[in-house]
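One structure is given below, encoded as structure tokens.
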Amino acid sequence: KNQVEQSPQSLIILEGKNCTLQCNYTVSPFSNLRWYKQDTGRGPVSLTIMTFSENTKSNGRYTATLDADTKQSSLHITASQLSDSASYICVAGHAGNMLTFGGGTRLMVKP
Amino acid sequence: DGGITQSPKYLFRKEGQNVTLSCEQNLNHDAMYWYRQDPGQGLRLIYYSQIVNDFQKGDIAEGYSVSREKKESFPLTVTSAQKNPTAFYLCASSTAAAQQFFGPGTRLTVL
């Protein structure tokens with residue numbers, strides 16, 4: 001069964017601090033790994049997308065890593081800002097552009 | 001202003017009523033998708049369409065119906081057969097094997 005697990009479920013950090021979100025996936029056949037940011041009551045917005053041959057990809061203060069051997073990914077946020085408060089969703093892509101979504105990590109950045 | 005629009009933003013349904021959620025895109029994408037999001041859970045695929053006049057069931061299609069008469073439009077009808085329709089509904093579109101872009105969502109509440 002295709003599955004994506006994220007940890008932690010929620011996280012509170014102080015503004016300016018760094019944090020790392022984790023994702024484990026079991027998807028076959030694996031095509032790509034995506035991270036989305038979703039503000040409350042809004043649609044998800046793409047942050048990064050990596051194929052199985054890519055180890056890391058950055059988008060501003062967001063850096064995603066991928067280990068296709070261990071089926072793990074992480075999203076690192078540097079110098080957090082209040083606007084980073086959102087849910088971060090890990091998504092595994094497989095055949096036919098189908099996606100399996102994780103439950104998300106809810107991040108709150110406090111001043 | 002290009003993108004995906006969904007309407008209405010909020011929708012209330014009485015027991016036994018059918019309601020239709022609108023999704024329109026002007027990105028010239030061939031593929032469109034409908035997802036359902038419940039609190040703390042990953043997005044689940046309801047229906048998808050890879051091309052006009054063709055669509056397939058996703059993981060949770062029971063109680064829903066769709067049509068794809070135009071490339072730009074992919075409306076979702078929530079029928080009275082859907083026993084627990086209260087949720088956040090997201091529409092997405094993509095080109096083949098590319099990232100999916102999401103609309104702003106419709107929150108449906110059953111009264």
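Scheme for the structure tokens: letters A, B, ... for chains in order shown; per-chain residue numbers from 1; ligand numbers from 1 in order shown.
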
Counting only C-alpha atoms, which residues in chain B sit no more than 7 Å from chain A? For each one, give the nearest pair of atoms and the distance in Å, sorted by chain then residue number, as JSON lines.
```
{"residue": "B:Gly40", "atom": "CA", "partner": "A:Gly103", "partner_atom": "CA", "distance": 5.7}
{"residue": "B:Gln41", "atom": "CA", "partner": "A:Gly103", "partner_atom": "CA", "distance": 4.5}
{"residue": "B:Gly42", "atom": "CA", "partner": "A:Gly103", "partner_atom": "CA", "distance": 4.0}
{"residue": "B:Leu43", "atom": "CA", "partner": "A:Phe101", "partner_atom": "CA", "distance": 5.7}
{"residue": "B:Leu90", "atom": "CA", "partner": "A:Gly43", "partner_atom": "CA", "distance": 6.7}
{"residue": "B:Ala97", "atom": "CA", "partner": "A:Asn97", "partner_atom": "CA", "distance": 5.1}
{"residue": "B:Phe102", "atom": "CA", "partner": "A:Gly43", "partner_atom": "CA", "distance": 5.5}
{"residue": "B:Gly103", "atom": "CA", "partner": "A:Gly43", "partner_atom": "CA", "distance": 5.5}
{"residue": "B:Pro104", "atom": "CA", "partner": "A:Gly43", "partner_atom": "CA", "distance": 4.5}
{"residue": "B:Gly105", "atom": "CA", "partner": "A:Gly43", "partner_atom": "CA", "distance": 5.8}
```

Would you kindly return, as a PDB file with C-alpha atoms, in the first residue's frame, each protein, DNA or RNA residue with an atom no farther than 10 Å from any atom of A:Thr70, considering only C-alpha atoms and excluding same-chain residues fewer than 2 positions away?
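Final output, saved to part.pdb:
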```pdb
ATOM      1  CA  ASN A  24       9.155   8.560   5.176  1.00  0.00           C
ATOM      2  CA  TYR A  25       7.472   7.110   2.141  1.00  0.00           C
ATOM      3  CA  THR A  26       6.529   3.726   0.744  1.00  0.00           C
ATOM      4  CA  LEU A  66      15.993  12.985  -0.556  1.00  0.00           C
ATOM      5  CA  ASP A  67      17.489   9.577   0.201  1.00  0.00           C
ATOM      6  CA  ALA A  68      15.871   7.180  -2.271  1.00  0.00           C
ATOM      7  CA  GLN A  72      13.337   9.338   3.483  1.00  0.00           C
ATOM      8  CA  SER A  73      13.096  13.043   2.831  1.00  0.00           C
TER       9      SER A  73
END
```

For this session: Write out as a PyMOL selection string all residues of stretch 1-90 of chain B that DSSP puts in strand (DSSP E or B) for this structure's backbone.
Result: chain B and resi 4-7+10-13+19-25+31-37+44-51+54-57+64-66+70+73+76-78+87-90

For this session: Find the residues near stretch 63-73 of chain B: any atom within 6 Å, counting only C-alpha atoms, skip ones fewer than 3 places away on the same chain, and give them as a ChimeraX atom specification.
Result: /B:23-25,52-53,76-79,81-82

For this session: For A:Asp84, list every protein, DNA or RNA residue within 9 Å, evaluated using only C-alpha atoms, and leave out those in the same chain fewer than 5 positions away; present the list as a PyMOL selection string.
Result: chain A and resi 37+39+77+107-109

Exercise. Neighbours of stretch 8-11 of chain B within 8 Å (only C-alpha atoms; same-chain residues fewer than 2 positions away dropped), as a list in words?
Worked result: Gln6, Arg13, Leu21, Ser22, Pro104, Gly105, Thr106, Arg107, Leu108 and Thr109 of chain B

Could you write out that same residue set with N, CA, C and O atoms as a PDB file, in the first residue's frame?
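Result went into out.pdb, see below:
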```
ATOM      1  N   GLN B   6     -11.775  28.143  -7.786  1.00  0.00           N
ATOM      2  CA  GLN B   6     -12.830  27.271  -7.263  1.00  0.00           C
ATOM      3  C   GLN B   6     -13.923  28.146  -6.661  1.00  0.00           C
ATOM      4  O   GLN B   6     -13.637  29.171  -6.045  1.00  0.00           O
ATOM      5  N   ARG B  13     -24.764  22.553   2.849  1.00  0.00           N
ATOM      6  CA  ARG B  13     -25.690  21.605   2.230  1.00  0.00           C
ATOM      7  C   ARG B  13     -26.600  20.998   3.285  1.00  0.00           C
ATOM      8  O   ARG B  13     -26.148  20.683   4.394  1.00  0.00           O
ATOM      9  N   LEU B  21     -19.586  21.654  -6.961  1.00  0.00           N
ATOM     10  CA  LEU B  21     -18.452  22.528  -6.726  1.00  0.00           C
ATOM     11  C   LEU B  21     -17.794  22.821  -8.070  1.00  0.00           C
ATOM     12  O   LEU B  21     -17.555  21.908  -8.871  1.00  0.00           O
ATOM     13  N   SER B  22     -17.479  24.086  -8.280  1.00  0.00           N
ATOM     14  CA  SER B  22     -16.911  24.500  -9.560  1.00  0.00           C
ATOM     15  C   SER B  22     -15.388  24.540  -9.494  1.00  0.00           C
ATOM     16  O   SER B  22     -14.801  24.920  -8.477  1.00  0.00           O
ATOM     17  N   PRO B 104      -7.846  27.335  -4.610  1.00  0.00           N
ATOM     18  CA  PRO B 104      -7.933  27.819  -3.227  1.00  0.00           C
ATOM     19  C   PRO B 104      -8.830  26.978  -2.329  1.00  0.00           C
ATOM     20  O   PRO B 104      -8.831  27.157  -1.117  1.00  0.00           O
ATOM     21  N   GLY B 105      -9.609  26.069  -2.908  1.00  0.00           N
ATOM     22  CA  GLY B 105     -10.424  25.163  -2.106  1.00  0.00           C
ATOM     23  C   GLY B 105     -11.842  25.651  -1.856  1.00  0.00           C
ATOM     24  O   GLY B 105     -12.145  26.847  -1.931  1.00  0.00           O
ATOM     25  N   THR B 106     -12.719  24.693  -1.588  1.00  0.00           N
ATOM     26  CA  THR B 106     -14.099  24.954  -1.175  1.00  0.00           C
ATOM     27  C   THR B 106     -14.358  24.185   0.105  1.00  0.00           C
ATOM     28  O   THR B 106     -14.109  22.974   0.168  1.00  0.00           O
ATOM     29  N   ARG B 107     -14.854  24.888   1.121  1.00  0.00           N
ATOM     30  CA  ARG B 107     -15.191  24.197   2.371  1.00  0.00           C
ATOM     31  C   ARG B 107     -16.678  23.895   2.367  1.00  0.00           C
ATOM     32  O   ARG B 107     -17.506  24.809   2.330  1.00  0.00           O
ATOM     33  N   LEU B 108     -17.010  22.618   2.392  1.00  0.00           N
ATOM     34  CA  LEU B 108     -18.399  22.161   2.371  1.00  0.00           C
ATOM     35  C   LEU B 108     -18.801  21.711   3.767  1.00  0.00           C
ATOM     36  O   LEU B 108     -18.090  20.930   4.409  1.00  0.00           O
ATOM     37  N   THR B 109     -19.944  22.213   4.219  1.00  0.00           N
ATOM     38  CA  THR B 109     -20.471  21.838   5.527  1.00  0.00           C
ATOM     39  C   THR B 109     -21.901  21.334   5.370  1.00  0.00           C
ATOM     40  O   THR B 109     -22.714  21.989   4.705  1.00  0.00           O
TER      41      THR B 109
END
```

Problem set entry | Expected answer as a PyMOL selection string: helix (DSSP H, G or I) residues in chain A | chain A and resi 82-84+95-97

Env of B:Met32: 6 Å cut, atoms = only C-alpha atoms, seq-sep filter 2 positions within chain, self excluded. Answer as a compact mmCIF listing (two decimals) with N, CA and C atoms, in the first residue's frame.
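Written out: around_31.txt:
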```
# COMPACT_ATOMS: atom_id res chain seq x y z
N TYR B 48 -10.17 11.94 -11.21
CA TYR B 48 -9.23 12.68 -12.02
C TYR B 48 -9.57 12.50 -13.49
N SER B 49 -9.08 13.45 -14.28
CA SER B 49 -9.35 13.44 -15.71
C SER B 49 -8.05 13.81 -16.44
N ALA B 92 -7.12 20.47 -8.58
CA ALA B 92 -5.76 20.69 -9.06
C ALA B 92 -5.70 20.42 -10.55
N SER B 93 -4.67 20.95 -11.19
CA SER B 93 -4.46 20.66 -12.61
C SER B 93 -2.97 20.51 -12.87
```

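Residues with any atom within 9 Å of A:Thr65, counting only C-alpha atoms and excluding same-chain neighbours fewer than 4 positions away, are Met50, Glu54, Asn55, Thr56, Lys57, Ser58, Gln72, Ser73, Ser74, Leu75 and His76 of chain A.
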
For the residues selected in the previous step, produce a file with N, CA and C atoms as a PDB file, in the first residue's frame.
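Dumped to result_26.pdb:
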```pdb
ATOM      1  N   MET A  50      11.646  16.764  -6.372  1.00  0.00           N
ATOM      2  CA  MET A  50      12.899  16.066  -6.653  1.00  0.00           C
ATOM      3  C   MET A  50      12.601  14.708  -7.263  1.00  0.00           C
ATOM      4  N   GLU A  54      17.951  12.996  -7.570  1.00  0.00           N
ATOM      5  CA  GLU A  54      18.363  14.235  -6.920  1.00  0.00           C
ATOM      6  C   GLU A  54      18.446  14.034  -5.415  1.00  0.00           C
ATOM      7  N   ASN A  55      19.467  14.614  -4.788  1.00  0.00           N
ATOM      8  CA  ASN A  55      19.648  14.468  -3.341  1.00  0.00           C
ATOM      9  C   ASN A  55      19.163  15.680  -2.571  1.00  0.00           C
ATOM     10  N   THR A  56      19.206  16.848  -3.208  1.00  0.00           N
ATOM     11  CA  THR A  56      18.836  18.059  -2.513  1.00  0.00           C
ATOM     12  C   THR A  56      18.326  19.095  -3.497  1.00  0.00           C
ATOM     13  N   LYS A  57      17.424  19.931  -3.004  1.00  0.00           N
ATOM     14  CA  LYS A  57      16.910  21.028  -3.824  1.00  0.00           C
ATOM     15  C   LYS A  57      16.506  22.165  -2.895  1.00  0.00           C
ATOM     16  N   SER A  58      16.866  23.376  -3.283  1.00  0.00           N
ATOM     17  CA  SER A  58      16.572  24.535  -2.439  1.00  0.00           C
ATOM     18  C   SER A  58      15.613  25.484  -3.123  1.00  0.00           C
ATOM     19  N   GLN A  72      13.543   8.264   2.525  1.00  0.00           N
ATOM     20  CA  GLN A  72      13.337   9.338   3.483  1.00  0.00           C
ATOM     21  C   GLN A  72      13.610  10.684   2.818  1.00  0.00           C
ATOM     22  N   SER A  73      12.871  11.674   3.281  1.00  0.00           N
ATOM     23  CA  SER A  73      13.096  13.043   2.831  1.00  0.00           C
ATOM     24  C   SER A  73      12.984  13.970   4.023  1.00  0.00           C
ATOM     25  N   SER A  74      13.610  15.132   3.923  1.00  0.00           N
ATOM     26  CA  SER A  74      13.480  16.136   4.969  1.00  0.00           C
ATOM     27  C   SER A  74      13.335  17.507   4.328  1.00  0.00           C
ATOM     28  N   LEU A  75      12.712  18.395   5.078  1.00  0.00           N
ATOM     29  CA  LEU A  75      12.594  19.791   4.654  1.00  0.00           C
ATOM     30  C   LEU A  75      13.184  20.648   5.751  1.00  0.00           C
ATOM     31  N   HIS A  76      14.228  21.398   5.419  1.00  0.00           N
ATOM     32  CA  HIS A  76      14.900  22.256   6.385  1.00  0.00           C
ATOM     33  C   HIS A  76      14.522  23.698   6.114  1.00  0.00           C
TER      34      HIS A  76
END
```

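Counting only C-alpha atoms and comparing B:Asn28, B:Thr95, B:Gln56, B:Ser80, the residue that lies closest to B:Lys14 is B:Ser80.
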
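We find atom CA of A:Tyr88 and atom CA of B:Lys57 to be spaced 26.6 Å apart.
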